[in-house]
Structures are given as structure tokens and as C-alpha cells.
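One structure is given here, and the rest of the page talks about it.
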Amino acid sequence: ADGSISETLEEVDGVIMALGCNGLRQVIRNSPQLARRSKTFSYASTLNGIDVMSVRLWLDRKIETRTPANVFARFEELRGAGGTFFMLDQLQAENEDALWGTGESSEEEKGERGSVLACDFYNAGALLSLSDEDIVNTLMKDLLPSAVPAFADAKVIDSWVGRYANTVSWFSPGSFDRRPPLEVEDVSNIKFAGDIVRMGEREHGAKGLCQERAYVSGIEAANALMKSCDAISKEGVVLPVRDDEEQFKLGVQLNKKVMQFLPRFWVR
């Protein structure tokens, strides 16, 4: 009656639950058989996410920035959110036609195009109620010109705003034990994938990078599932993160020694 579709899968060899917090909650709470099999599923259904907003801007001119990836912080206009903006025309220069949604263009046409930006806001609950126009104006009149003054002279040709409540993983204090492991004990044909998954011995060097970690966990979950199902397949290869440079390692070791004697007054 509400337009939703309910479907039951039968006779599957295995499942990888590559879902965000909302997806996990919906699947698990509507599948009591999972909770009966393992407490892992019940715990996973209690995890929360944070609100995010994603904005795309197409401008009438090219804006040069020092770096293609940039961060917004401590702006009153953010209303408590954190933000980033990426210059897609710099990061994906070879795919400029795709950025503008056109077919193959001449060099002259490409030269007339402006910059394309991806602006993302995290912990954005206080921004979600603003209109699309207000969000775009905040970016073009306040945030972007504060970071790079040249943005003040640019005009928006097109824009898009997406709002996603309770969507991105929230690594809140005390949530570690409730995060699902990549493999569930005593349930061999269900694996978890995503940035919030505990990978145990398969933990990767990109531990603090959500997108990279989600990608790696997906490969590891697929490898583990194929092995559990005795399927014949070539394992996906996970490239290791290169070692830290020697000066960084020395700095970490020195910091540990200093912290053994220096009072941590900032956490008291």
C-alpha cells in the first residue's frame, strides 16, 4: 500500500551485507532470523549515522586553487558542520565532457567552460532545512570566497543539492564493539563490508580513510565468502599501503616516549 517492495530470496549460497547504518537497521529489524542466529546482527542494527549534504556547482569561469582538495572549518555559516570542496575539473580533467554531461567537445568549447565543484558537508543536520538556493548562496557568497577570493567573481550556471539524513557512518565513542566483524562467527555464508566493519587480521593500512577502507573490506569480504562457499575463483588482490617514511616513524617513537612522562593535561 505504501509503494514499497518486499521480496524474499531463496536458495542463495552466500550474502555480503554491504550496507550503511540505515540499510543495516532496516534489513536486520525485518529479518528476525538473523538476530536468532547471532547477536552480531542485533548489535549492528543499533549503529547510527550522521547527516550529510552533497552539492555540485557548475561555474561560468575557471577558478585556480592551490590544491584541488580543500577543507572548510570553523565558519559560522556551517552551523556546526564540517565541509570539504573538491575541484572536479582539476581532478578529472580528462573526463571534462562527462562532468558537463555533454558529448565529445572541441577544444574551443572546452576552453569556454568553467570550474565544476563538489562540496560536501558532514554533521550537517542544521543545514538540511535550508533551501537549495540558500545553500548555493552560502557557498558562493561566504564560504568559497573566504577560501579563494576569485570565487566572488564567478557565477553559477547550474547546481544540484542532495540531502542524506543519518547516512554516513558515525564512529561514536563506545560503538566499536557493536560494529560488525567482516566474518560472523558460526554464520559462514554471511559477510559484512563497509567502512564501519571490523576487519581483524585483515585490517588495512587505510584504517582512517572511509572510502578506501570500504573498498578494501568489499574485496576481503568477497574473498572470504568464496572460500566459505568452496567456490573456485581468483582472489581479489588488496594492495598494501606503503610504509611510513623514516622521519615520521622516528617522530612517532619520540612522541610515545615523551608522552610517558608528560602529563596529558588536555584530557583531564
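In the C-alpha cells, chains take the letters A, B, ... in the order shown, each chain's residues start at 1, and ligands count up from 1 in the order shown.
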
Item to check | Backbone-only DSSP, strand (DSSP E or B) members of range 5-174 of chain A, as a PyMOL selection string | outcome: chain A and resi 15-17+49-59+69-72+82-87+116-122+156-169

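Take the candidates A:Ala124, A:Leu24, A:Cys229, A:Val116 and check each one against Val52 in chain A using only C-alpha atoms; the shortest distance goes to A:Ala124.
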
Can you pull out every residue from range 30-199 of chain A that DSSP, working from the backbone, puts in alpha helix (DSSP H), and format the result as a short mmCIF file (atom, residue, chain, number, x, y, z; two decimals) with N, CA, C and O atoms, in the first residue's frame?
```
data_model
loop_
_atom_site.label_atom_id
_atom_site.label_comp_id
_atom_site.auth_asym_id
_atom_site.auth_seq_id
_atom_site.Cartn_x
_atom_site.Cartn_y
_atom_site.Cartn_z
N PRO A 32 14.09 -11.28 11.59
CA PRO A 32 14.32 -11.81 12.94
C PRO A 32 15.17 -13.07 12.95
O PRO A 32 15.79 -13.39 13.96
N GLN A 33 15.22 -13.78 11.82
CA GLN A 33 16.04 -14.99 11.77
C GLN A 33 17.52 -14.66 11.96
O GLN A 33 18.27 -15.46 12.53
N LEU A 34 17.93 -13.48 11.50
CA LEU A 34 19.33 -13.08 11.66
C LEU A 34 19.67 -12.88 13.13
O LEU A 34 20.70 -13.34 13.62
N ALA A 35 18.81 -12.16 13.85
CA ALA A 35 19.04 -11.93 15.27
C ALA A 35 19.07 -13.23 16.05
O ALA A 35 19.80 -13.37 17.04
N ARG A 36 18.29 -14.20 15.59
CA ARG A 36 18.26 -15.51 16.26
C ARG A 36 19.59 -16.25 16.06
O ARG A 36 20.04 -16.96 16.95
N ARG A 37 20.21 -16.04 14.90
CA ARG A 37 21.46 -16.74 14.60
C ARG A 37 22.65 -16.18 15.38
O ARG A 37 23.53 -16.92 15.81
N LYS A 39 24.10 -12.56 17.92
CA LYS A 39 23.93 -11.22 18.50
C LYS A 39 24.60 -10.16 17.65
O LYS A 39 24.26 -8.97 17.75
N THR A 40 25.54 -10.56 16.82
CA THR A 40 26.25 -9.60 15.96
C THR A 40 25.28 -8.76 15.16
O THR A 40 25.44 -7.54 15.02
N PHE A 41 24.24 -9.39 14.62
CA PHE A 41 23.28 -8.68 13.80
C PHE A 41 22.46 -7.69 14.63
O PHE A 41 22.18 -6.57 14.18
N SER A 42 22.10 -8.09 15.83
CA SER A 42 21.33 -7.19 16.70
C SER A 42 22.15 -5.96 17.06
O SER A 42 21.64 -4.83 17.04
N TYR A 43 23.41 -6.17 17.38
CA TYR A 43 24.27 -5.04 17.73
C TYR A 43 24.44 -4.11 16.53
O TYR A 43 24.41 -2.88 16.67
N ALA A 44 24.62 -4.68 15.34
CA ALA A 44 24.82 -3.86 14.14
C ALA A 44 23.62 -2.98 13.84
O ALA A 44 23.75 -1.88 13.31
N LEU A 88 36.58 19.41 -9.26
CA LEU A 88 36.47 18.23 -10.12
C LEU A 88 37.10 18.46 -11.49
O LEU A 88 37.61 17.51 -12.10
N ASP A 89 37.07 19.70 -11.97
CA ASP A 89 37.68 19.98 -13.27
C ASP A 89 39.19 19.81 -13.22
O ASP A 89 39.82 19.56 -14.26
N GLN A 90 39.78 19.92 -12.04
CA GLN A 90 41.21 19.67 -11.90
C GLN A 90 41.49 18.18 -11.68
O GLN A 90 42.44 17.62 -12.24
N LEU A 91 40.66 17.55 -10.86
CA LEU A 91 40.88 16.13 -10.54
C LEU A 91 40.52 15.21 -11.71
O LEU A 91 41.07 14.12 -11.84
N GLU A 96 36.29 15.81 -18.78
CA GLU A 96 35.56 17.07 -18.68
C GLU A 96 34.20 17.00 -19.36
O GLU A 96 33.22 17.58 -18.87
N ASP A 97 34.10 16.29 -20.47
CA ASP A 97 32.81 16.18 -21.15
C ASP A 97 31.78 15.50 -20.24
O ASP A 97 30.61 15.89 -20.20
N ALA A 98 32.22 14.48 -19.51
CA ALA A 98 31.31 13.79 -18.59
C ALA A 98 30.89 14.69 -17.45
O ALA A 98 29.74 14.65 -17.00
N LEU A 99 31.81 15.53 -16.98
CA LEU A 99 31.47 16.46 -15.90
C LEU A 99 30.37 17.42 -16.31
O LEU A 99 29.54 17.83 -15.50
N GLU A 107 38.09 21.66 -28.61
CA GLU A 107 38.97 22.36 -27.68
C GLU A 107 38.46 23.76 -27.38
O GLU A 107 38.58 24.27 -26.27
N GLU A 108 37.85 24.39 -28.38
CA GLU A 108 37.30 25.73 -28.18
C GLU A 108 36.16 25.70 -27.18
O GLU A 108 36.07 26.56 -26.29
N GLU A 109 35.27 24.70 -27.31
CA GLU A 109 34.15 24.57 -26.38
C GLU A 109 34.65 24.29 -24.97
O GLU A 109 34.12 24.83 -23.99
N LYS A 110 35.67 23.43 -24.85
CA LYS A 110 36.22 23.12 -23.53
C LYS A 110 36.82 24.37 -22.89
O LYS A 110 36.74 24.55 -21.67
N GLY A 111 37.43 25.22 -23.71
CA GLY A 111 38.06 26.42 -23.18
C GLY A 111 37.07 27.42 -22.63
O GLY A 111 37.44 28.29 -21.83
N ASP A 132 17.69 24.91 -1.34
CA ASP A 132 18.81 24.76 -2.26
C ASP A 132 19.45 26.11 -2.57
O ASP A 132 20.68 26.25 -2.62
N GLU A 133 18.59 27.12 -2.79
CA GLU A 133 19.10 28.45 -3.11
C GLU A 133 19.94 29.02 -1.97
O GLU A 133 21.01 29.62 -2.20
N ASP A 134 19.50 28.81 -0.73
CA ASP A 134 20.26 29.31 0.42
C ASP A 134 21.61 28.61 0.53
O ASP A 134 22.62 29.25 0.86
N ILE A 135 21.62 27.32 0.27
CA ILE A 135 22.88 26.57 0.34
C ILE A 135 23.86 27.07 -0.71
O ILE A 135 25.05 27.32 -0.43
N VAL A 136 23.39 27.23 -1.94
CA VAL A 136 24.26 27.71 -3.03
C VAL A 136 24.75 29.12 -2.73
O VAL A 136 25.94 29.43 -2.93
N ASN A 137 23.88 29.98 -2.23
CA ASN A 137 24.29 31.35 -1.89
C ASN A 137 25.33 31.37 -0.78
O ASN A 137 26.27 32.18 -0.80
N THR A 138 25.15 30.51 0.21
CA THR A 138 26.12 30.44 1.30
C THR A 138 27.49 30.06 0.78
O THR A 138 28.52 30.61 1.19
N LEU A 144 33.14 29.92 -0.17
CA LEU A 144 34.16 29.79 -1.21
C LEU A 144 35.02 31.05 -1.38
O LEU A 144 36.26 30.94 -1.47
N PRO A 145 34.43 32.27 -1.39
CA PRO A 145 35.29 33.46 -1.50
C PRO A 145 36.21 33.64 -0.30
O PRO A 145 37.29 34.24 -0.43
N SER A 146 35.81 33.13 0.87
CA SER A 146 36.69 33.22 2.04
C SER A 146 37.92 32.34 1.86
O SER A 146 39.00 32.65 2.38
N ALA A 147 37.73 31.24 1.13
CA ALA A 147 38.86 30.33 0.89
C ALA A 147 39.71 30.78 -0.29
O ALA A 147 40.94 30.79 -0.23
#
```

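For the pair CA of Val216 in chain A and CA of Pro180 in chain A, the separation is 15.4 Å.
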
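Nearest to Arg56 in chain A of all the residues A:Asp158, A:Glu104, A:Glu10, A:Glu76 is A:Asp158, based on only C-alpha atoms.
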
Next on the checklist: At a cut-off of 10 Å, using only C-alpha atoms, what residues contact range 230-234 of chain A? Leave out same-chain residues fewer than 6 positions from it and give the result as a PyMOL selection string.
Outcome noted: chain A and resi 13+223-224

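Here CA of Arg202 in chain A is placed at a distance of 19.3 Å from CA of Leu19 in chain A.
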
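Checking A:Gly194, A:Pro181, A:Gly101, A:Gly114 one by one against Phe151 in chain A, counting only C-alpha atoms, you find the shortest gap at A:Gly114.
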
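Each of A:Ile50, A:Pro173, A:Glu112, A:Phe86 was compared to Arg66 in chain A using only C-alpha atoms, and A:Phe86 turns out to be the nearest.
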
Next on the checklist: If we count only C-alpha atoms and set the cut-off at 9 Å, which residues sit around Gly80 in chain A, ignoring sequence neighbours fewer than 2 positions away in its own chain? Please answer as a PyMOL selection string.
Outcome noted: chain A and resi 74-78+82+123-127

The selected residues should be written to file as a PDB file, in the first residue's frame (atoms: all heavy atoms).
```pdb
ATOM      1  N   ARG A  74      35.405  25.869  10.916  1.00  0.00           N
ATOM      2  CA  ARG A  74      35.208  26.988  11.839  1.00  0.00           C
ATOM      3  C   ARG A  74      34.585  28.209  11.162  1.00  0.00           C
ATOM      4  O   ARG A  74      34.917  29.348  11.488  1.00  0.00           O
ATOM      5  CB  ARG A  74      36.532  27.355  12.506  1.00  0.00           C
ATOM      6  CG  ARG A  74      37.154  26.198  13.282  1.00  0.00           C
ATOM      7  CD  ARG A  74      38.434  26.592  13.965  1.00  0.00           C
ATOM      8  NE  ARG A  74      38.201  27.570  15.038  1.00  0.00           N
ATOM      9  CZ  ARG A  74      39.156  28.094  15.795  1.00  0.00           C
ATOM     10  NH1 ARG A  74      40.407  27.728  15.607  1.00  0.00           N
ATOM     11  NH2 ARG A  74      38.863  28.968  16.740  1.00  0.00           N
ATOM     12  N   PHE A  75      33.684  27.981  10.223  1.00  0.00           N
ATOM     13  CA  PHE A  75      32.899  29.058   9.645  1.00  0.00           C
ATOM     14  C   PHE A  75      31.525  29.074  10.316  1.00  0.00           C
ATOM     15  O   PHE A  75      30.884  28.025  10.430  1.00  0.00           O
ATOM     16  CB  PHE A  75      32.706  28.854   8.141  1.00  0.00           C
ATOM     17  CG  PHE A  75      33.931  29.139   7.312  1.00  0.00           C
ATOM     18  CD1 PHE A  75      34.823  28.131   6.988  1.00  0.00           C
ATOM     19  CD2 PHE A  75      34.182  30.427   6.860  1.00  0.00           C
ATOM     20  CE1 PHE A  75      35.944  28.386   6.217  1.00  0.00           C
ATOM     21  CE2 PHE A  75      35.299  30.702   6.088  1.00  0.00           C
ATOM     22  CZ  PHE A  75      36.186  29.678   5.764  1.00  0.00           C
ATOM     23  N   GLU A  76      31.073  30.225  10.741  1.00  0.00           N
ATOM     24  CA  GLU A  76      29.751  30.306  11.368  1.00  0.00           C
ATOM     25  C   GLU A  76      28.652  29.843  10.424  1.00  0.00           C
ATOM     26  O   GLU A  76      27.645  29.276  10.843  1.00  0.00           O
ATOM     27  CB  GLU A  76      29.476  31.752  11.809  1.00  0.00           C
ATOM     28  CG  GLU A  76      30.289  32.200  13.009  1.00  0.00           C
ATOM     29  CD  GLU A  76      29.859  33.572  13.507  1.00  0.00           C
ATOM     30  OE1 GLU A  76      28.813  34.061  13.019  1.00  0.00           O
ATOM     31  OE2 GLU A  76      30.558  34.135  14.361  1.00  0.00           O
ATOM     32  N   GLU A  77      28.853  30.082   9.125  1.00  0.00           N
ATOM     33  CA  GLU A  77      27.841  29.703   8.140  1.00  0.00           C
ATOM     34  C   GLU A  77      27.645  28.189   8.059  1.00  0.00           C
ATOM     35  O   GLU A  77      26.617  27.715   7.554  1.00  0.00           O
ATOM     36  CB  GLU A  77      28.231  30.230   6.755  1.00  0.00           C
ATOM     37  CG  GLU A  77      28.208  31.732   6.617  1.00  0.00           C
ATOM     38  CD  GLU A  77      29.480  32.388   7.152  1.00  0.00           C
ATOM     39  OE1 GLU A  77      30.396  31.662   7.581  1.00  0.00           O
ATOM     40  OE2 GLU A  77      29.548  33.635   7.142  1.00  0.00           O
ATOM     41  N   LEU A  78      28.593  27.411   8.563  1.00  0.00           N
ATOM     42  CA  LEU A  78      28.467  25.952   8.536  1.00  0.00           C
ATOM     43  C   LEU A  78      27.478  25.433   9.575  1.00  0.00           C
ATOM     44  O   LEU A  78      27.070  24.279   9.516  1.00  0.00           O
ATOM     45  CB  LEU A  78      29.842  25.306   8.766  1.00  0.00           C
ATOM     46  CG  LEU A  78      30.852  25.446   7.634  1.00  0.00           C
ATOM     47  CD1 LEU A  78      32.212  24.919   8.078  1.00  0.00           C
ATOM     48  CD2 LEU A  78      30.390  24.714   6.390  1.00  0.00           C
ATOM     49  N   GLY A  82      31.073  20.282   9.295  1.00  0.00           N
ATOM     50  CA  GLY A  82      32.397  20.351   8.688  1.00  0.00           C
ATOM     51  C   GLY A  82      32.208  20.228   7.192  1.00  0.00           C
ATOM     52  O   GLY A  82      31.218  19.655   6.726  1.00  0.00           O
ATOM     53  N   ASN A 123      27.983  16.097   9.428  1.00  0.00           N
ATOM     54  CA  ASN A 123      27.298  16.555  10.633  1.00  0.00           C
ATOM     55  C   ASN A 123      26.434  17.763  10.272  1.00  0.00           C
ATOM     56  O   ASN A 123      26.421  18.787  10.950  1.00  0.00           O
ATOM     57  CB  ASN A 123      28.297  16.910  11.734  1.00  0.00           C
ATOM     58  CG  ASN A 123      27.640  17.136  13.076  1.00  0.00           C
ATOM     59  OD1 ASN A 123      26.640  16.506  13.411  1.00  0.00           O
ATOM     60  ND2 ASN A 123      28.182  18.054  13.859  1.00  0.00           N
ATOM     61  N   ALA A 124      25.710  17.598   9.165  1.00  0.00           N
ATOM     62  CA  ALA A 124      25.037  18.731   8.521  1.00  0.00           C
ATOM     63  C   ALA A 124      23.574  18.874   8.904  1.00  0.00           C
ATOM     64  O   ALA A 124      22.797  19.472   8.151  1.00  0.00           O
ATOM     65  CB  ALA A 124      25.171  18.587   7.006  1.00  0.00           C
ATOM     66  N   GLY A 125      23.169  18.349  10.040  1.00  0.00           N
ATOM     67  CA  GLY A 125      21.762  18.394  10.424  1.00  0.00           C
ATOM     68  C   GLY A 125      21.162  19.787  10.414  1.00  0.00           C
ATOM     69  O   GLY A 125      20.016  19.991  10.011  1.00  0.00           O
ATOM     70  N   ALA A 126      21.945  20.782  10.839  1.00  0.00           N
ATOM     71  CA  ALA A 126      21.428  22.150  10.911  1.00  0.00           C
ATOM     72  C   ALA A 126      21.336  22.812   9.541  1.00  0.00           C
ATOM     73  O   ALA A 126      20.729  23.876   9.406  1.00  0.00           O
ATOM     74  CB  ALA A 126      22.316  22.995  11.827  1.00  0.00           C
ATOM     75  N   LEU A 127      21.938  22.187   8.520  1.00  0.00           N
ATOM     76  CA  LEU A 127      21.880  22.743   7.175  1.00  0.00           C
ATOM     77  C   LEU A 127      20.759  22.133   6.328  1.00  0.00           C
ATOM     78  O   LEU A 127      20.342  22.727   5.328  1.00  0.00           O
ATOM     79  CB  LEU A 127      23.213  22.516   6.447  1.00  0.00           C
ATOM     80  CG  LEU A 127      24.459  23.186   7.025  1.00  0.00           C
ATOM     81  CD1 LEU A 127      25.694  22.732   6.264  1.00  0.00           C
ATOM     82  CD2 LEU A 127      24.323  24.700   6.963  1.00  0.00           C
TER      83      LEU A 127
END
```

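For Asn189 in chain A, the non-local neighbours within 9 Å, defined as residues at least 3 positions apart in the same chain or in other chains and counting only C-alpha atoms, are Asp13, Gly14, Val15, Ile16, Glu183, Val184, Leu225, Ser228 and Cys229 of chain A.
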
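With CA of Ala222 in chain A on one side and CA of Gly49 in chain A on the other, the separation reads 24.7 Å.
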
Item to check | Given only C-alpha atoms as the counted atoms, nearest of A:Phe72, A:Asp195, A:Met87, A:Thr167 to Asp142 in chain A | outcome: A:Phe72

Next on the checklist: Need the shell around Ile196 in chain A: protein/DNA/RNA residues with any atom at most 7 Å away, counting only C-alpha atoms. Skip same-chain ones fewer than 2 positions apart. Format as an MDAnalysis selection string?
Outcome noted: chainID A and resid 169 179 194 198

Those selected residues, please, written with C-alpha atoms and delivered as a CSV table (one decimal), in the first residue's frame.
```
chain,number,residue,atom,x,y,z
A,169,SER,CA,28.9,6.0,9.5
A,179,ARG,CA,30.4,-2.7,14.8
A,194,GLY,CA,31.9,-1.3,4.6
A,198,ARG,CA,35.9,-4.6,12.0
```
